[in-house]
There are 2 protein chains.
Amino acid sequence: MRKLRVPAAAALASSTVENYLKQLYRQQRAGGGMVGMGQLASAMGVVPGTATSMAKSLAEAGLARYTPRNGVRLTAAGEQLALHVIRRHRLVELFLVKVLQLDWSVVDEEAERLEHAVSDRVLERMDALLDFPTADPHGDPIPSAHGRLHEPRRLSLANCPLGRPQTIARVLNQDRDFLQFVESEGLAPGAEVTVASRIVAAGAVKLQRRRRGELSLGLAAAAAMLVAPAKPARGEG
Amino acid sequence: MRKLRVPAAAALASSTVENYLKQLYRQQRAGGGMVGMGQLASAMGVVPGTATSMAKSLAEAGLARYTPRNGVRLTAAGEQLALHVIRRHRLVELFLVKVLQLDWSVVDEEAERLEHAVSDRVLERMDALLDFPTADPHGDPIPSAHGRLHEPRRLSLANCPLGRPQTIARVLNQDRDFLQFVESEGLAPGAEVTVASRIVAAGAVKLQRRRRGELSLGLAAAAAMLVAPAKPARGEG
DNA sequence: ATTTTTACTTTGAATAGTCAAAATAGCAAG
DNA sequence: CTTGCTATTTTGACTATTCAAAGTAAAAAT
Ligand SMILES: [Mn+2]
Ligand SMILES: [Mn+2]
Ligand SMILES: [Mn+2]
Ligand SMILES: [Mn+2]
């Protein structure tokens, strides 16, 4: 019986609020600091006025700070709640892939609903059954139960050094077709590739795969594939 | 004048509506036919006025028939939807017990939320992983994917023949403490017992358990324990 | 320094679900 | 019949979430 009750504000957030928090957390990461109402609105698929009123609500609930005409930003409490939602999302995704054998291209959609329905009790069991994993099927790191998240800064296929073998570490694009393509081309997390060349003007990145030969990617796609320098296999220099 | 939406049962019902449908299905079973607003309201924990307006909504959605001052009753479509929700609920409960090792005394509560968040895709996987089970942890039968449900009429410890060995088949009371008690006393589904005697005036039922000796139950508790005649073990008459 | 553009905020309205309290219908007695 | 009692239905209100459209501030352009 865990006593890991999250901070005060963690009371009961509706799934709507949870989704906004998650989104704010992401955009805050990406765009440093304040998130504008326009960005928030289009990311959430609502009109700007809706974003404004939600920003006010979040502020009122102590989950965010809102400055009119400037933007919103999560408070520490809001950030913690966001991280818990993200933890649920990612753990559920991994569970769906590992235990229920769902395809990694569909689990994001499923997790989007389940993340609001799994209790701490259930989540703990999943965590244990999966042996306390640190990354989801897309390579996204899983926040700890205490809401701590370590995101190593990584290069992508769009900016890593040429000619040096890289291991695919994380796929940022959760689009179904994209993920299916990535998998069918042998580029899922764990795969090893080398960037042979980049023709920036043409927006093309040429890859050399382990035993599958060449493959060209557009720059946007390449940028969505984060990598880590491959550990040289024994015998190689 | 609202637009009548009646495209099969596949429409999207909110979790609120799903909960009402489930409840109506149960009460319709129990009380045969029409369900009064008072009953519905108190079962759902809302005031009667709320039940009335929900009954109207369900009727408008083609999920129920509503006669003012008389009651509601599910249509075929509403019944189908209810059975699908019940299927999700029970399959999820079994999944939580078998795969995630949760205690059977808490899964009802968990399933109450998850039943609205699991997709058909996920449900199918659970079903397969559990090898197409026909009953949940409490012995409640699981409706088929087509919405068919077979509920064998059973006797309970309150009305089965005396002195004849019975197998516990189903526990109707989902109360946490009750379930914990039942399990701790070795009366979970599958267990074998014999009703030694009943003192109706005192409301007491005396049981003889396999290798645990005697146990007395109140009549209400006994009535919540459905049984089936035990198959005589080889060697016995 | 105006004007124009863009981004944002307000206002008014809608839907789902709910409660409190007042109005009623149906039946039960007297 | 007339009064009561109980179960229901209505009405008015409130929260959460959202949109449409009108108003406004700040930034960009001229
Ligand atoms: Mn979500
Ligand atoms: Mn993911
Ligand atoms: Mn439910
Ligand atoms: Mn059950």
# chains A, B, ... in the order shown; residues from 1 in each chain; ligands from 1
$ calpha_fit_rmsd --fixed "chain A" --moving "chain B"
4.1 Å
$ interface_residues --of "chain D" --to "chain A" --cutoff "9 Å" --atoms "only C-alpha atoms (C1' of nucleotides)" --output "PyMOL selection string"
chain D and resi 17-19+25-26
$ write_last_selection --atoms "C-alpha atoms (C1' of nucleotides)" --output "PDB file, in the first residue's frame"
ATOM      1  C1'  DT D  17     -15.922  22.857 -21.941  1.00  0.00           C
ATOM      2  C1'  DT D  18     -16.415  24.574 -26.237  1.00  0.00           C
ATOM      3  C1'  DC D  19     -17.419  27.795 -30.474  1.00  0.00           C
ATOM      4  C1'  DA D  25      -3.844  45.484 -27.643  1.00  0.00           C
ATOM      5  C1'  DA D  26       0.623  45.051 -29.407  1.00  0.00           C
TER       6       DA D  26
END
$ residues_near_ligand --ligand "ligand 1" --cutoff "9 Å" --atoms "only C-alpha atoms (C1' of nucleotides) and all ligand atoms" --output "PyMOL selection string"
chain A and resi 15-16+18-20+22+85+89+109-116
$ write_last_selection --atoms "C-alpha atoms" --output "PDB file, in the first residue's frame"
ATOM      1  CA  SER A  15      -9.059  14.344 -18.511  1.00  0.00           C
ATOM      2  CA  THR A  16      -9.438  17.630 -20.335  1.00  0.00           C
ATOM      3  CA  GLU A  18      -4.745  16.474 -17.892  1.00  0.00           C
ATOM      4  CA  ASN A  19      -4.465  16.777 -21.640  1.00  0.00           C
ATOM      5  CA  TYR A  20      -3.821  20.496 -21.453  1.00  0.00           C
ATOM      6  CA  LYS A  22       0.616  17.408 -20.919  1.00  0.00           C
ATOM      7  CA  VAL A  85       0.116  11.920 -16.785  1.00  0.00           C
ATOM      8  CA  HIS A  89       0.810   7.461 -20.941  1.00  0.00           C
ATOM      9  CA  GLU A 109      -3.967   6.634 -29.576  1.00  0.00           C
ATOM     10  CA  GLU A 110      -4.998   3.979 -27.071  1.00  0.00           C
ATOM     11  CA  ALA A 111      -2.885   5.450 -24.303  1.00  0.00           C
ATOM     12  CA  GLU A 112      -4.427   8.830 -24.932  1.00  0.00           C
ATOM     13  CA  ARG A 113      -7.631   7.523 -23.379  1.00  0.00           C
ATOM     14  CA  LEU A 114      -6.244   5.025 -20.892  1.00  0.00           C
ATOM     15  CA  GLU A 115      -3.872   7.527 -19.315  1.00  0.00           C
ATOM     16  CA  HIS A 116      -6.901   9.114 -17.647  1.00  0.00           C
TER      17      HIS A 116
END
$ closest_residue --among "B:Glu183, B:Glu79, B:Asp127, B:Glu93" --to "ligand 4" --atoms "only C-alpha atoms and all ligand atoms"
B:Glu93
$ residues_near_ligand --ligand "ligand 2" --cutoff "12 Å" --atoms "only C-alpha atoms (C1' of nucleotides) and all ligand atoms" --output "PyMOL selection string"
chain A and resi 86-97+103-112+115+134-142+170-176+179+189
$ residues_around --residues "region 1-8 of chain D" --least-positions-apart "4" --cutoff "12 Å" --atoms "only C-alpha atoms (C1' of nucleotides)" --output "list in words"
Gly36, Met37, Gly38, Gln39, Ala41, Val47, Pro48, Gly49, Thr50, Ala51, Thr52, Ser53, Thr67, Pro68, Arg69, Asn70 and Gly71 of chain B; DA23, DT24, DA25, DG26, DC27, DA28, DA29 and DG30 of chain C
$ write_last_selection --atoms "C-alpha atoms (C1' of nucleotides)" --output "JSON list (two decimals), in the first residue's frame"
[["chain", "number", "residue", "atom", "x", "y", "z"],
["B", 36, "GLY", "CA", -38.93, 3.71, -12.03],
["B", 37, "MET", "CA", -37.17, 7.06, -11.79],
["B", 38, "GLY", "CA", -36.82, 6.71, -8.05],
["B", 39, "GLN", "CA", -35.03, 3.39, -8.25],
["B", 41, "ALA", "CA", -31.96, 7.73, -9.29],
["B", 47, "VAL", "CA", -31.72, 13.08, -7.47],
["B", 48, "PRO", "CA", -34.92, 11.88, -9.20],
["B", 49, "GLY", "CA", -35.04, 14.88, -11.50],
["B", 50, "THR", "CA", -31.70, 13.92, -12.93],
["B", 51, "ALA", "CA", -32.92, 10.41, -13.64],
["B", 52, "THR", "CA", -35.95, 11.82, -15.42],
["B", 53, "SER", "CA", -33.88, 14.00, -17.70],
["B", 67, "THR", "CA", -43.15, 6.63, -20.40],
["B", 68, "PRO", "CA", -43.71, 9.55, -18.00],
["B", 69, "ARG", "CA", -44.92, 8.49, -14.57],
["B", 70, "ASN", "CA", -44.32, 4.90, -15.52],
["B", 71, "GLY", "CA", -40.63, 4.23, -16.15],
["C", 23, "DA", "C1'", -45.44, 22.15, -9.23],
["C", 24, "DT", "C1'", -48.20, 17.90, -10.29],
["C", 25, "DA", "C1'", -50.17, 13.51, -11.02],
["C", 26, "DG", "C1'", -51.95, 9.30, -9.10],
["C", 27, "DC", "C1'", -53.55, 6.88, -5.72],
["C", 28, "DA", "C1'", -55.08, 6.22, -0.77],
["C", 29, "DA", "C1'", -58.04, 7.13, 2.63],
["C", 30, "DG", "C1'", -61.65, 9.19, 4.83]]
$ atom_distance --atom1 "CA of Val182 (chain A)" --atom2 "CA of Asp131 (chain A)"
26.3 Å
$ select_by_dssp --residues "region 163-222 of chain A" --states "helix (DSSP H, G or I)" --output "short mmCIF file (atom, residue, chain, number, x, y, z; two decimals) with N, CA, C and O atoms, in the first residue's frame"
data_model
loop_
_atom_site.label_atom_id
_atom_site.label_comp_id
_atom_site.auth_asym_id
_atom_site.auth_seq_id
_atom_site.Cartn_x
_atom_site.Cartn_y
_atom_site.Cartn_z
N ARG A 176 0.86 7.38 -37.15
CA ARG A 176 0.70 5.96 -37.45
C ARG A 176 1.49 5.52 -38.68
O ARG A 176 2.26 4.57 -38.62
N ASP A 177 1.27 6.20 -39.80
CA ASP A 177 1.94 5.80 -41.03
C ASP A 177 3.45 5.94 -40.90
O ASP A 177 4.21 5.10 -41.39
N PHE A 178 3.86 7.00 -40.24
CA PHE A 178 5.29 7.21 -40.08
C PHE A 178 5.90 6.06 -39.29
O PHE A 178 6.92 5.48 -39.67
N LEU A 179 5.27 5.68 -38.20
CA LEU A 179 5.81 4.60 -37.37
C LEU A 179 5.82 3.28 -38.12
O LEU A 179 6.76 2.49 -38.00
N GLN A 180 4.77 3.06 -38.90
CA GLN A 180 4.75 1.81 -39.67
C GLN A 180 5.89 1.80 -40.68
O GLN A 180 6.56 0.78 -40.87
N PHE A 181 6.11 2.94 -41.30
CA PHE A 181 7.20 3.07 -42.25
C PHE A 181 8.54 2.83 -41.57
O PHE A 181 9.37 2.04 -42.03
N VAL A 182 8.73 3.49 -40.46
CA VAL A 182 9.98 3.37 -39.73
C VAL A 182 10.28 1.91 -39.39
O VAL A 182 11.39 1.41 -39.58
N GLU A 183 9.25 1.23 -38.91
CA GLU A 183 9.47 -0.16 -38.54
C GLU A 183 9.76 -1.02 -39.76
O GLU A 183 10.66 -1.85 -39.75
N SER A 184 9.00 -0.79 -40.82
CA SER A 184 9.18 -1.63 -42.01
C SER A 184 10.55 -1.40 -42.64
O SER A 184 11.07 -2.27 -43.32
N VAL A 200 21.51 19.25 -47.91
CA VAL A 200 20.58 20.14 -47.23
C VAL A 200 19.67 20.89 -48.20
O VAL A 200 18.48 21.02 -47.97
N ALA A 201 20.24 21.36 -49.28
CA ALA A 201 19.45 22.09 -50.26
C ALA A 201 18.24 21.26 -50.72
O ALA A 201 17.13 21.76 -50.84
N ALA A 202 18.45 19.98 -50.91
CA ALA A 202 17.38 19.10 -51.38
C ALA A 202 16.59 18.54 -50.21
O ALA A 202 15.59 17.85 -50.39
N LEU A 219 14.32 15.65 -44.63
CA LEU A 219 14.91 16.25 -43.44
C LEU A 219 14.00 16.24 -42.23
O LEU A 219 14.45 16.03 -41.10
N ALA A 220 12.72 16.46 -42.46
CA ALA A 220 11.78 16.47 -41.34
C ALA A 220 11.76 15.10 -40.67
O ALA A 220 11.81 14.99 -39.44
N ALA A 221 11.69 14.06 -41.49
CA ALA A 221 11.67 12.70 -40.95
C ALA A 221 12.97 12.42 -40.20
O ALA A 221 12.97 11.86 -39.10
N ALA A 222 14.08 12.83 -40.79
CA ALA A 222 15.38 12.58 -40.16
C ALA A 222 15.47 13.28 -38.81
O ALA A 222 16.04 12.75 -37.85
#
$ residues_around --residues "DA29 (chain D)" --least-positions-apart "3" --cutoff "10 Å" --atoms "only C-alpha atoms (C1' of nucleotides)" --output "short mmCIF file (atom, residue, chain, number, x, y, z; two decimals) with all heavy atoms, in the first residue's frame"
data_model
loop_
_atom_site.label_atom_id
_atom_site.label_comp_id
_atom_site.auth_asym_id
_atom_site.auth_seq_id
_atom_site.Cartn_x
_atom_site.Cartn_y
_atom_site.Cartn_z
P DT C 3 -4.54 57.04 -39.81
OP1 DT C 3 -5.23 57.81 -40.89
OP2 DT C 3 -5.19 56.83 -38.52
"O5'" DT C 3 -4.10 55.64 -40.39
"C5'" DT C 3 -3.33 55.58 -41.58
"C4'" DT C 3 -2.88 54.15 -41.85
"O4'" DT C 3 -1.91 53.70 -40.88
"C3'" DT C 3 -4.02 53.14 -41.85
"O3'" DT C 3 -3.81 52.30 -42.97
"C2'" DT C 3 -3.82 52.38 -40.55
"C1'" DT C 3 -2.29 52.41 -40.42
N1 DT C 3 -1.70 52.25 -39.06
C2 DT C 3 -0.68 51.34 -38.91
O2 DT C 3 -0.27 50.64 -39.81
N3 DT C 3 -0.14 51.29 -37.66
C4 DT C 3 -0.50 52.03 -36.57
O4 DT C 3 0.09 51.91 -35.51
C5 DT C 3 -1.60 52.95 -36.77
C7 DT C 3 -2.09 53.79 -35.65
C6 DT C 3 -2.15 53.02 -38.00
P DT C 4 -5.03 51.46 -43.59
OP1 DT C 4 -5.05 51.67 -45.05
OP2 DT C 4 -6.24 51.69 -42.76
"O5'" DT C 4 -4.49 49.99 -43.31
"C5'" DT C 4 -3.15 49.68 -43.69
"C4'" DT C 4 -2.67 48.42 -43.02
"O4'" DT C 4 -2.25 48.65 -41.65
"C3'" DT C 4 -3.68 47.28 -43.00
"O3'" DT C 4 -3.04 46.21 -43.66
"C2'" DT C 4 -3.92 47.01 -41.51
"C1'" DT C 4 -2.62 47.52 -40.88
N1 DT C 4 -2.65 48.02 -39.46
C2 DT C 4 -1.66 47.59 -38.61
O2 DT C 4 -0.81 46.80 -38.92
N3 DT C 4 -1.69 48.15 -37.37
C4 DT C 4 -2.60 49.07 -36.89
O4 DT C 4 -2.48 49.51 -35.76
C5 DT C 4 -3.62 49.46 -37.82
C7 DT C 4 -4.66 50.44 -37.41
C6 DT C 4 -3.61 48.92 -39.05
P DT C 5 -3.77 44.86 -43.99
OP1 DT C 5 -3.25 44.33 -45.27
OP2 DT C 5 -5.21 45.05 -43.75
"O5'" DT C 5 -3.12 44.01 -42.81
"C5'" DT C 5 -1.71 44.14 -42.61
"C4'" DT C 5 -1.26 43.24 -41.48
"O4'" DT C 5 -1.39 43.88 -40.19
"C3'" DT C 5 -2.01 41.92 -41.39
"O3'" DT C 5 -1.02 40.91 -41.30
"C2'" DT C 5 -2.87 42.05 -40.12
"C1'" DT C 5 -2.03 43.02 -39.28
N1 DT C 5 -2.77 43.93 -38.34
C2 DT C 5 -2.20 44.18 -37.11
O2 DT C 5 -1.19 43.66 -36.72
N3 DT C 5 -2.89 45.08 -36.34
C4 DT C 5 -4.05 45.75 -36.67
O4 DT C 5 -4.54 46.55 -35.89
C5 DT C 5 -4.60 45.42 -37.96
C7 DT C 5 -5.87 46.07 -38.41
C6 DT C 5 -3.94 44.53 -38.73
#
$ atom_distance --atom1 "CA of Arg73 (chain A)" --atom2 "C1' of DT9 (chain C)"
17.9 Å
$ residues_around --residues "region 205-208 of chain B" --least-positions-apart "2" --cutoff "6 Å" --atoms "only C-alpha atoms (C1' of nucleotides)" --output "list in words"
Val193, Thr194, Val195, Ala196, Ser197, Arg198, Gly213, Glu214, Leu215, Ser216 and Leu217 of chain B
$ interface_residues --of "chain C" --to "chain A" --cutoff "9 Å" --atoms "only C-alpha atoms (C1' of nucleotides)" --output "number ranges by chain"
C: 7-10
$ interface_residues --of "chain A" --to "chain B" --cutoff "7 Å" --atoms "only C-alpha atoms" --output "list of chain:residue names"
A:Leu100, A:Arg113, A:Leu114, A:Ala117, A:Val118, A:Arg125, A:Met126
$ select_by_dssp --residues "region 57-172 of chain A" --states "strand (DSSP E or B)" --output "PyMOL selection string"
chain A and resi 64-67+71-74+135+141+155-156+165-171
$ closest_residue --among "B:Met44, B:Gly78, B:Arg210, B:Gly33" --to "ligand 3" --atoms "only C-alpha atoms and all ligand atoms"
B:Met44
